[in-house]
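Notes for the one structure printed next.
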Amino acid sequence: MRKVFVIALAALCFPFVIARAQVTVHVEPAHLDSPRELAAQTEQGVIRDYLESWRTLQAALDQNKPGLLDRDFVGAAKDRLAETIQLQTGAGIHTRYEDRSHNLQIAFYSPEGLSIQLIDMVDYDVQVFDKDKQISTQQVHARYVVVMTPAEVRWRVRILQAANE
Amino acid sequence: MRFRLASLIAMLPLAAPPFITAQSNNLIFPRSVAAGSAFSVKSSEASKGTLYIVGLGQVIKRDLEPGQSANIEAGALHSAGHYLVFLVNEGPTETGSLEVTPAKEVADLSFLARPSRLPVSLRGGITGAVYIFDPYNNLVTAPTSVTFELSSPNSTPQKRSVMTRNGSAWTQFDSTAHQGNGKFVANVGAVSSERVIGQVPGDPCGLRMIAVPAGGLIKLQTDPIRDCSGNAVPDGTVVTFTASYNGDQSTVDVPIKRGIAEAQIPTHPGAVLTVASGVVMGNQIRWGNK
């Protein structure tokens with residue numbers, strides 16, 4: 001049975017997203033290739049934290065502030081996004097990523113419980129600004145492979161990579 | 001001749017570079033490139049402009065002269081993902097997209113093996129999971145064979161090959177019957193990662209003691225204490241001797257020394273003597289006659 005969540009972002013996260021439209025989130029039943037059982041609470045926590053990481057990503061890339069990544073990103077994902085922000089700053093541009101829908105499935109829960117992999121068929125808009133002038137916009141439909149690892153109080157994104165089937 | 005010509009025409013799509021695609025009216029560039037590959041973006045515009053390649057993993061900005069190509073050097077665009085490609089000049093901006101796929105070569109493994117220490121002969125007790133990465137630290141998502149091997153002194157190695165799914169693979173092995181450090185290796189081609197798994201004796205098996213008079217006391221002494229696979233249970237493991245007599249109970253905890261445990265307790269004819277280690281119970285002796 002397919003679970004459907006429609007998440008009102010204003011209720012979810014930060015004040016700066018209050019004006020945003022709703023994001024539709026579909027969660028497919030987990031198709032786990034793992035000996036480890038995935039508790040419902042863990043699944044909900046991972047999905048909640050992943051969706052929040054898009055808010056963080058949006059703010060960091062829009063404001064070119066790598067420090068905003070600290071809460072939700074770690075390891076390679078954080079390094080990569082920080083590098084992108086540095087390149088954006090050098091090029092005098094900033095980008096606005098607005099996710100419209102996520103179709104999520106948890107694909108792998110590592111046996112020792114230290115990583116969870118999600119597949120996200122995501123639709124988002126990208127707007128590119130040079131200084132403050134919008135120079136491009138595009139709607140994107142992409143398949144993302146995401147690996148999340150547990151931190152003290154939340155799951156953080158360690159790998160975020162668009163990848164074809 | 002006609003046949004040859006037809007064959008040639010049929011082969012043309014194969015011979016042409018399959019990735020070269022016009023992405024918009026004014027730009028020509030590949031639809032997909034491997035991370036770190038060199039490629040070029042050609043403009044058919046009559047005026048100069050600025051080329052942007054923008055993604056979550058990287059950003060590239062280059063000036064582009066009319067009718068010229070922007071050469072993206074090997075290693076310049078190395079972060080796998082989805083990119084917007086567009087040229088900004090006096091005319092309307094047209095945007096195309098570019099997929100950067102992970103390089104095929106696996107250069108690194110992230111190998112998580114658990115636990116680092118466990119009892120011998122534990123079914124499915126050892127697990128290992130890997131994520132595989134290319135030279136640019138992109139997750140290699142194409143199915144790739146990973147070989148896991150667990151080898152221990154005095155045991156036949158356990159070996160298994162697993163195909164990755166979305167860049168990850170895992171396996172599970174039994175711990176061996178013999179104590180000692182096991183070598184747990186994951187490898188893809190020439191790239192490997194090794195972890196050491198300490199396999200320690202399990203719980204005592206067939207715990208047995210004898211009781212002999214020692215002056216006014218009873219001397220209790222176990223046989224050499226081994227687990228069910230015959231490994232000596234390590235010195236320091238606590239063994240508990242208990243004497244129950246007339247509703248009273250006295251207990252002595254002693255560590256195993258040189259493979260055995262021994263203690264002396266006061267003698268009471270009719271006392272019931274028992275031995276245990278952890279949750280494992282040994283034999284029971286009724287001392288003398290009441």
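Ordering of the structure tokens sets the chain letters (A, B, ...); residue numbers start at 1 within each chain; ligands are numbered from 1 in the order shown.
Omitting Glu83 of chain A and its sequence neighbours fewer than 4 positions away, and counting only C-alpha atoms, the residues within 10 Å are Pro66, Ala77, Lys78, Asp79, Leu87, Gln88 and Thr89 of chain A; Leu56, Gly57, Gln58 and Val59 of chain B.
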Output file for the residues above (N, CA and C atoms, as an mmCIF file, in the first residue's frame):
data_model
loop_
_atom_site.group_PDB
_atom_site.id
_atom_site.type_symbol
_atom_site.label_atom_id
_atom_site.label_comp_id
_atom_site.auth_asym_id
_atom_site.auth_seq_id
_atom_site.Cartn_x
_atom_site.Cartn_y
_atom_site.Cartn_z
ATOM 1 N N PRO A 66 27.816 28.361 3.121
ATOM 2 C CA PRO A 66 28.101 26.947 3.374
ATOM 3 C C PRO A 66 27.839 26.521 4.812
ATOM 4 N N ALA A 77 28.747 14.705 0.734
ATOM 5 C CA ALA A 77 27.642 15.576 0.305
ATOM 6 C C ALA A 77 27.897 17.006 0.769
ATOM 7 N N LYS A 78 28.344 17.146 1.991
ATOM 8 C CA LYS A 78 28.601 18.485 2.533
ATOM 9 C C LYS A 78 29.776 19.149 1.805
ATOM 10 N N ASP A 79 30.843 18.367 1.611
ATOM 11 C CA ASP A 79 32.024 18.915 0.924
ATOM 12 C C ASP A 79 31.658 19.396 -0.476
ATOM 13 N N LEU A 87 32.216 27.910 -5.617
ATOM 14 C CA LEU A 87 32.289 28.190 -7.057
ATOM 15 C C LEU A 87 31.232 29.214 -7.469
ATOM 16 N N GLN A 88 30.037 29.079 -6.882
ATOM 17 C CA GLN A 88 28.980 30.057 -7.176
ATOM 18 C C GLN A 88 29.424 31.458 -6.781
ATOM 19 N N THR A 89 30.003 31.549 -5.587
ATOM 20 C CA THR A 89 30.455 32.848 -5.088
ATOM 21 C C THR A 89 31.507 33.431 -6.017
ATOM 22 N N LEU B 56 24.260 20.780 -8.600
ATOM 23 C CA LEU B 56 24.443 20.749 -7.151
ATOM 24 C C LEU B 56 25.899 20.452 -6.783
ATOM 25 N N GLY B 57 26.594 19.777 -7.708
ATOM 26 C CA GLY B 57 27.963 19.352 -7.384
ATOM 27 C C GLY B 57 29.041 20.307 -7.839
ATOM 28 N N GLN B 58 28.747 21.132 -8.813
ATOM 29 C CA GLN B 58 29.770 22.034 -9.355
ATOM 30 C C GLN B 58 29.133 23.158 -10.155
ATOM 31 N N VAL B 59 29.911 24.181 -10.387
ATOM 32 C CA VAL B 59 29.491 25.292 -11.239
ATOM 33 C C VAL B 59 30.676 25.688 -12.117
#
Each residue of chain A with at least one atom at most 6 Å from chain B should appear once, together with its nearest atom pair and the corresponding distance in Å (one decimal); atoms considered: only C-alpha atoms; ordering: chain, then increasing residue number; output as JSON lines.
{"residue": "A:Arg80", "atom": "CA", "partner": "B:Gly57", "partner_atom": "CA", "distance": 5.5}
{"residue": "A:Leu81", "atom": "CA", "partner": "B:Gly57", "partner_atom": "CA", "distance": 6.0}
{"residue": "A:Thr84", "atom": "CA", "partner": "B:Gln58", "partner_atom": "CA", "distance": 4.7}
{"residue": "A:Leu87", "atom": "CA", "partner": "B:Val59", "partner_atom": "CA", "distance": 5.8}
{"residue": "A:Gln161", "atom": "CA", "partner": "B:Gly81", "partner_atom": "CA", "distance": 5.7}
{"residue": "A:Ala162", "atom": "CA", "partner": "B:Gly81", "partner_atom": "CA", "distance": 4.4}
Go ahead and save the residues from that selection, with C-alpha atoms, as a compact mmCIF listing (two decimals), in the first residue's frame.
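Final output, selection_12.txt:
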# COMPACT_ATOMS: atom_id res chain seq x y z
CA ARG A 80 30.51 18.87 -2.54
CA LEU A 81 27.78 21.38 -1.78
CA THR A 84 29.55 24.41 -5.25
CA LEU A 87 32.29 28.19 -7.06
CA GLN A 161 23.86 12.18 -6.24
CA ALA A 162 21.64 12.35 -9.31
Contacts of Gln127 of chain A within 7 Å, only C-alpha atoms, excl. fewer than 3 positions in-chain, as a ChimeraX atom specification
/A:95-97,134,136-138
Just the selected residues (C-alpha atoms), exported as an mmCIF file, in the first residue's frame, please.
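As written to disk, part.cif reads:
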data_model
loop_
_atom_site.group_PDB
_atom_site.id
_atom_site.type_symbol
_atom_site.label_atom_id
_atom_site.label_comp_id
_atom_site.auth_asym_id
_atom_site.auth_seq_id
_atom_site.Cartn_x
_atom_site.Cartn_y
_atom_site.Cartn_z
ATOM 1 C CA THR A 95 20.893 29.317 -7.411
ATOM 2 C CA ARG A 96 17.442 28.583 -6.108
ATOM 3 C CA TYR A 97 16.378 24.945 -5.948
ATOM 4 C CA GLN A 134 17.623 35.719 -13.093
ATOM 5 C CA SER A 136 17.905 30.834 -16.372
ATOM 6 C CA THR A 137 15.212 28.567 -15.055
ATOM 7 C CA GLN A 138 14.560 24.905 -15.654
#
Compile the contact shell of Met163 of chain B as a ChimeraX atom specification: residues with an atom at most 9 Å away, counting only C-alpha atoms, same-chain residues fewer than 3 positions apart removed.
/B:143-147,168-169
Every residue of segment 21-150 of chain A that DSSP places in helix (DSSP H, G or I), as a PyMOL selection string
chain A and resi 40-63+66-71+75-91
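Between Met121 of chain A and the residues A:Pro29, A:Pro35, A:Trp155, A:Ala163, the shortest atom-to-atom distance, using only C-alpha atoms, involves A:Ala163.
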Residues within 6 Å of Gln221 of chain B, only C-alpha atoms, excluding chain neighbours under 4 positions, as an mmCIF file with N, CA and C atoms, in the first residue's frame:
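Okay, result09.cif is ready:
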data_model
loop_
_atom_site.group_PDB
_atom_site.id
_atom_site.type_symbol
_atom_site.label_atom_id
_atom_site.label_comp_id
_atom_site.auth_asym_id
_atom_site.auth_seq_id
_atom_site.Cartn_x
_atom_site.Cartn_y
_atom_site.Cartn_z
ATOM 1 N N MET B 209 32.847 -29.542 37.834
ATOM 2 C CA MET B 209 33.803 -29.338 38.943
ATOM 3 C C MET B 209 33.904 -30.611 39.767
ATOM 4 N N ILE B 210 34.964 -30.668 40.535
ATOM 5 C CA ILE B 210 35.102 -31.729 41.539
ATOM 6 C C ILE B 210 35.241 -31.061 42.915
ATOM 7 N N ALA B 261 39.107 -22.851 37.339
ATOM 8 C CA ALA B 261 38.703 -22.000 38.472
ATOM 9 C C ALA B 261 38.679 -22.876 39.719
ATOM 10 N N GLU B 262 39.122 -22.312 40.836
ATOM 11 C CA GLU B 262 39.081 -23.077 42.082
ATOM 12 C C GLU B 262 38.809 -22.150 43.260
#
For Ser40 of chain B, find every residue with an atom within 10 Å (counting only C-alpha atoms), except residues of its own chain fewer than 3 positions away, and show them as a PyMOL selection string.
chain B and resi 20+28-30+43+68-73
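If only C-alpha atoms are the atoms counted, then among A:Leu57, A:Val157, A:Val25, A:Leu118 the closest residue to Glu43 of chain A is A:Leu118.
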So which residues of segment 3-153 of chain A fall under strand (DSSP E) by DSSP, listed as a ChimeraX atom specification?
/A:3-7,23-27,93-109,116-130,133-150
